[in-house]
file data-v6.cif (mmCIF, C-alpha atoms; chains and numbers go by the auth columns)
data_entry
loop_
_atom_site.group_PDB
_atom_site.id
_atom_site.type_symbol
_atom_site.label_atom_id
_atom_site.label_comp_id
_atom_site.label_asym_id
_atom_site.label_seq_id
_atom_site.Cartn_x
_atom_site.Cartn_y
_atom_site.Cartn_z
_atom_site.B_iso_or_equiv
_atom_site.auth_seq_id
_atom_site.auth_asym_id
ATOM 1 C CA MET A 1 0.000 0.000 0.000 0.00 719 V
ATOM 2 C CA LEU A 2 2.927 2.354 0.699 0.00 720 V
ATOM 3 C CA GLU A 3 4.117 2.196 -2.914 0.00 721 V
ATOM 4 C CA GLU A 4 0.588 2.927 -4.194 0.00 722 V
ATOM 5 C CA ALA A 5 0.216 5.905 -1.867 0.00 723 V
ATOM 6 C CA ILE A 6 3.623 7.347 -2.786 0.00 724 V
ATOM 7 C CA ALA A 7 2.833 6.963 -6.496 0.00 725 V
ATOM 8 C CA ALA A 8 -0.412 8.878 -5.948 0.00 726 V
ATOM 9 C CA VAL A 9 1.390 11.683 -4.112 0.00 727 V
ATOM 10 C CA GLU A 10 3.955 11.910 -6.905 0.00 728 V
ATOM 11 C CA GLU A 11 1.104 12.211 -9.401 0.00 729 V
ATOM 12 C CA TYR A 12 -0.504 14.975 -7.328 0.00 730 V
ATOM 13 C CA ARG A 13 2.805 16.830 -7.354 0.00 731 V
ATOM 14 C CA ARG A 14 2.999 16.515 -11.156 0.00 732 V
ATOM 15 C CA VAL A 15 -0.563 17.844 -11.392 0.00 733 V
ATOM 16 C CA ILE A 16 0.117 20.855 -9.161 0.00 734 V
ATOM 17 C CA ASN A 17 3.171 21.749 -11.258 0.00 735 V
ATOM 18 C CA LYS A 18 1.134 21.532 -14.491 0.00 736 V
ATOM 19 C CA GLY A 19 -0.952 24.407 -13.128 0.00 737 V
ATOM 20 C CA ASN A 20 -4.445 23.101 -13.901 0.00 738 V
ATOM 21 C CA VAL A 21 -6.312 24.244 -10.786 0.00 739 V
ATOM 22 C CA GLU A 22 -9.481 22.298 -11.591 0.00 740 V
ATOM 23 C CA GLU A 23 -7.446 19.100 -11.664 0.00 741 V
ATOM 24 C CA VAL A 24 -5.544 20.119 -8.511 0.00 742 V
ATOM 25 C CA ASN A 25 -8.813 20.655 -6.665 0.00 743 V
ATOM 26 C CA THR A 26 -10.038 17.130 -7.505 0.00 744 V
ATOM 27 C CA TRP A 27 -7.206 15.895 -5.251 0.00 745 V
ATOM 28 C CA ILE A 28 -8.511 17.814 -2.210 0.00 746 V
ATOM 29 C CA SER A 29 -10.606 15.844 0.279 0.00 747 V
ATOM 30 C CA ASP A 30 -14.038 17.223 1.132 0.00 748 V
ATOM 31 C CA GLU A 31 -12.845 16.871 4.748 0.00 749 V
ATOM 32 C CA PHE A 32 -9.580 18.758 4.160 0.00 750 V
ATOM 33 C CA ILE A 33 -8.171 20.951 6.919 0.00 751 V
ATOM 34 C CA GLY A 34 -5.043 23.022 6.361 0.00 752 V
ATOM 35 C CA TYR A 35 -3.016 25.179 8.740 0.00 753 V
ATOM 36 C CA PHE A 36 -0.627 27.574 7.045 0.00 754 V
ATOM 37 C CA GLY A 37 1.829 29.645 9.071 0.00 755 V
ATOM 38 C CA TYR A 38 3.942 31.303 6.411 0.00 756 V
ATOM 39 C CA TYR A 39 2.181 34.598 5.692 0.00 757 V
ATOM 40 C CA PRO A 40 4.048 37.896 6.082 0.00 758 V
ATOM 41 C CA ASP A 41 0.971 39.785 7.325 0.00 759 V
ATOM 42 C CA ARG A 42 -0.540 37.322 9.847 0.00 760 V
ATOM 43 C CA ASP A 43 0.496 34.420 12.050 0.00 761 V
ATOM 44 C CA TYR A 44 -1.533 31.697 10.313 0.00 762 V
ATOM 45 C CA GLU A 45 -4.597 30.814 8.278 0.00 763 V
ATOM 46 C CA ILE A 46 -6.808 27.753 8.709 0.00 764 V
ATOM 47 C CA TYR A 47 -8.530 26.374 5.626 0.00 765 V
ATOM 48 C CA ARG A 48 -11.409 23.961 5.199 0.00 766 V
ATOM 49 C CA SER A 49 -11.950 22.189 1.893 0.00 767 V
ATOM 50 C CA GLU A 50 -14.180 24.656 0.013 0.00 768 V
ATOM 51 C CA HIS A 51 -12.260 27.721 1.204 0.00 769 V
ATOM 52 C CA TYR A 52 -9.000 26.081 0.162 0.00 770 V
ATOM 53 C CA LYS A 53 -10.308 25.133 -3.280 0.00 771 V
ATOM 54 C CA THR A 54 -11.579 28.684 -3.853 0.00 772 V
ATOM 55 C CA ASP A 55 -8.255 30.098 -2.713 0.00 773 V
ATOM 56 C CA ASN A 56 -6.462 27.720 -5.092 0.00 774 V
ATOM 57 C CA ILE A 57 -8.439 29.169 -8.014 0.00 775 V
ATOM 58 C CA GLU A 58 -7.481 32.722 -7.036 0.00 776 V
ATOM 59 C CA THR A 59 -3.851 31.794 -6.369 0.00 777 V
ATOM 60 C CA PHE A 60 -3.339 29.918 -9.623 0.00 778 V
ATOM 61 C CA ALA A 61 -4.896 32.837 -11.539 0.00 779 V
ATOM 62 C CA ALA A 62 -2.367 35.165 -9.900 0.00 780 V
ATOM 63 C CA TYR A 63 0.481 32.826 -10.958 0.00 781 V
ATOM 64 C CA GLU A 64 -0.569 32.737 -14.616 0.00 782 V
ATOM 65 C CA GLY A 65 2.436 33.411 -16.840 0.00 783 V
ATOM 66 C CA LYS A 66 4.840 33.303 -13.872 0.00 784 V
ATOM 67 C CA GLN A 67 5.931 29.644 -14.213 0.00 785 V
ATOM 68 C CA PRO A 68 5.099 28.502 -10.675 0.00 786 V
ATOM 69 C CA HIS A 69 6.948 25.409 -9.517 0.00 787 V
ATOM 70 C CA TRP A 70 6.861 23.425 -6.267 0.00 788 V
ATOM 71 C CA GLU A 71 9.945 21.322 -5.500 0.00 789 V
ATOM 72 C CA TYR A 72 9.411 18.706 -2.772 0.00 790 V
ATOM 73 C CA LYS A 73 12.203 17.199 -0.679 0.00 791 V
ATOM 74 C CA ASP A 74 10.639 14.458 1.412 0.00 792 V
ATOM 75 C CA LEU A 75 12.041 14.035 4.905 0.00 793 V
ATOM 76 C CA ALA A 76 9.863 11.177 6.139 0.00 794 V
ATOM 77 C CA ARG A 77 6.869 9.186 4.956 0.00 795 V
ATOM 78 C CA ASN A 78 4.903 6.450 6.614 0.00 796 V
ATOM 79 C CA MET A 79 1.564 4.683 6.414 0.00 797 V
ATOM 80 C CA ARG A 80 -0.115 5.714 9.664 0.00 798 V
ATOM 81 C CA THR A 81 -3.167 3.550 8.902 0.00 799 V
ATOM 82 C CA ASP A 82 -4.048 1.234 6.022 0.00 800 V
ATOM 83 C CA ASN A 83 -5.526 4.169 4.093 0.00 801 V
ATOM 84 C CA GLU A 84 -3.491 7.171 5.316 0.00 802 V
ATOM 85 C CA LEU A 85 0.005 8.219 4.296 0.00 803 V
ATOM 86 C CA ILE A 86 1.767 10.916 6.329 0.00 804 V
ATOM 87 C CA ILE A 87 4.655 12.837 4.751 0.00 805 V
ATOM 88 C CA SER A 88 6.962 15.582 5.956 0.00 806 V
ATOM 89 C CA ALA A 89 8.817 17.609 3.348 0.00 807 V
ATOM 90 C CA ILE A 90 10.630 20.829 2.637 0.00 808 V
ATOM 91 C CA VAL A 91 8.858 22.539 -0.240 0.00 809 V
ATOM 92 C CA ASP A 92 10.630 25.213 -2.248 0.00 810 V
ATOM 93 C CA PHE A 93 8.378 27.415 -4.370 0.00 811 V
ATOM 94 C CA SER A 94 9.679 29.265 -7.426 0.00 812 V
ATOM 95 C CA LEU A 95 8.336 31.812 -9.889 0.00 813 V
ATOM 96 C CA HIS A 96 10.153 32.311 -13.214 0.00 814 V
ATOM 97 C CA GLY A 97 12.778 29.827 -11.973 0.00 815 V
ATOM 98 C CA LYS A 98 13.667 31.893 -8.881 0.00 816 V
ATOM 99 C CA LYS A 99 12.956 30.503 -5.411 0.00 817 V
ATOM 100 C CA VAL A 100 10.593 32.838 -3.568 0.00 818 V
ATOM 101 C CA ALA A 101 9.519 30.690 -0.591 0.00 819 V
ATOM 102 C CA SER A 102 10.533 27.645 1.412 0.00 820 V
ATOM 103 C CA VAL A 103 8.191 25.845 3.808 0.00 821 V
ATOM 104 C CA LEU A 104 8.265 22.825 6.065 0.00 822 V
ATOM 105 C CA ALA A 105 5.174 20.765 5.296 0.00 823 V
ATOM 106 C CA MET A 106 3.384 17.887 6.942 0.00 824 V
ATOM 107 C CA GLU A 107 0.713 16.302 4.783 0.00 825 V
ATOM 108 C CA VAL A 108 -1.700 13.437 5.198 0.00 826 V
ATOM 109 C CA TYR A 109 -3.121 11.738 2.133 0.00 827 V
ATOM 110 C CA ARG A 110 -6.133 9.500 2.653 0.00 828 V
ATOM 111 C CA LYS A 111 -7.657 6.941 0.311 0.00 829 V
ATOM 112 C CA GLU A 112 -11.319 7.855 -0.133 0.00 830 V
ATOM 113 C CA LYS A 113 -13.644 5.825 -2.365 0.00 831 V
ATOM 114 C CA GLY A 114 -10.670 4.337 -4.187 0.00 832 V
ATOM 115 C CA ALA A 115 -8.786 7.618 -4.775 0.00 833 V
ATOM 116 C CA TRP A 116 -5.984 9.242 -2.788 0.00 834 V
ATOM 117 C CA LYS A 117 -6.837 12.748 -1.548 0.00 835 V
ATOM 118 C CA LEU A 118 -4.965 15.481 0.327 0.00 836 V
ATOM 119 C CA TYR A 119 -6.678 15.238 3.716 0.00 837 V
ATOM 120 C CA ARG A 120 -4.516 17.351 6.071 0.00 838 V
ATOM 121 C CA GLN A 121 -1.757 19.889 5.485 0.00 839 V
ATOM 122 C CA HIS A 122 0.335 21.950 7.880 0.00 840 V
ATOM 123 C CA MET A 123 2.904 24.369 6.479 0.00 841 V
ATOM 124 C CA GLU A 124 5.325 26.668 8.283 0.00 842 V
ATOM 125 C CA LYS A 125 7.879 29.072 6.849 0.00 843 V
ATOM 126 C CA TYR A 126 11.159 27.168 6.735 0.00 844 V
ATOM 127 C CA ALA A 127 13.803 29.628 5.628 0.00 845 V
ATOM 128 C CA GLU A 128 14.361 33.157 4.434 0.00 846 V
ATOM 129 C CA VAL A 129 14.707 33.362 0.681 0.00 847 V
#

call {"tool": "encode", "arguments": {"input": "data-v6.cif", "output": "structure tokens"}}
result
Amino acid sequence: MLEEAIAAVEEYRRVINKGNVEEVNTWISDEFIGYFGYYPDRDYEIYRSEHYKTDNIETFAAYEGKQPHWEYKDLARNMRTDNELIISAIVDFSLHGKKVASVLAMEVYRKEKGAWKLYRQHMEKYAEV
């Protein structure tokens, strides 16, 4: 099951880097909760599924023509249940080939109705860029 889950996560990462937000949003669980602590103007933001999907649409529109790219460096990954994979990673984000952000991420992917979905995500600013 670990190999299947990792293959799904790698596919999600390919999808996010293609930039098709509608396809990206199909990977988000209806029960998604995200905690993001990397904003310059506030301590954190908590997202539920629909808010996150809407924000994705706005964010990807803002990135249009800027060649966004997420580079993942996995630190640890483990099946925490038969249908949940937990991953920690450093994620470097670039626009026009220049790194503009680096975060430490913890993500949980859960198999729901036969498909792997991003179920939980916690991101914190990792380093100054």

call {"tool": "closest_residue", "arguments": {"input": "data-v6.cif", "among": "V:Arg828, V:His840, V:His769, V:His814", "to": "Trp745 of chain V", "atoms": "all atoms listed in the file"}}
result
V:Arg828

call {"tool": "atom_distance", "arguments": {"input": "data-v6.cif", "atom1": "atom CA of His787 of chain V", "atom2": "atom CA of Ala833 of chain V"}}
result
24.2 Å

call {"tool": "atom_distance", "arguments": {"input": "data-v6.cif", "atom1": "atom CA of Ser747 of chain V", "atom2": "atom CA of Ala845 of chain V"}}
result
28.5 Å

call {"tool": "resolve_selection", "arguments": {"input": "data-v6.cif", "expression": "the PyMOL selection byres ((chain V and resi 827) around 6)", "output": "PyMOL selection string"}}
result
chain V and resi 802-803+826+828+835-837

call {"tool": "resolve_selection", "arguments": {"input": "data-v6.cif", "expression": "the PyMOL selection byres ((chain V and resi 723) around 9)", "output": "list in words"}}
result
Met719, Leu720, Glu721, Glu722, Ile724, Ala725, Ala726, Val727, Glu728, Met797, Asn801, Glu802, Leu803, Tyr827, Arg828, Lys829 and Trp834 of chain V

call {"tool": "write_last_selection", "arguments": {"input": "data-v6.cif", "atoms": "C-alpha atoms", "output": "mmCIF file, keeping the file's coordinate frame"}}
result
data_model
loop_
_atom_site.group_PDB
_atom_site.id
_atom_site.type_symbol
_atom_site.label_atom_id
_atom_site.label_comp_id
_atom_site.auth_asym_id
_atom_site.auth_seq_id
_atom_site.Cartn_x
_atom_site.Cartn_y
_atom_site.Cartn_z
ATOM 1 C CA MET V 719 0.000 0.000 0.000
ATOM 2 C CA LEU V 720 2.927 2.354 0.699
ATOM 3 C CA GLU V 721 4.117 2.196 -2.914
ATOM 4 C CA GLU V 722 0.588 2.927 -4.194
ATOM 5 C CA ILE V 724 3.623 7.347 -2.786
ATOM 6 C CA ALA V 725 2.833 6.963 -6.496
ATOM 7 C CA ALA V 726 -0.412 8.878 -5.948
ATOM 8 C CA VAL V 727 1.390 11.683 -4.112
ATOM 9 C CA GLU V 728 3.955 11.910 -6.905
ATOM 10 C CA MET V 797 1.564 4.683 6.414
ATOM 11 C CA ASN V 801 -5.526 4.169 4.093
ATOM 12 C CA GLU V 802 -3.491 7.171 5.316
ATOM 13 C CA LEU V 803 0.005 8.219 4.296
ATOM 14 C CA TYR V 827 -3.121 11.738 2.133
ATOM 15 C CA ARG V 828 -6.133 9.500 2.653
ATOM 16 C CA LYS V 829 -7.657 6.941 0.311
ATOM 17 C CA TRP V 834 -5.984 9.242 -2.788
#

call {"tool": "atom_distance", "arguments": {"input": "data-v6.cif", "atom1": "atom CA of Tyr757 of chain V", "atom2": "atom CA of Ile804 of chain V"}}
result
23.7 Å
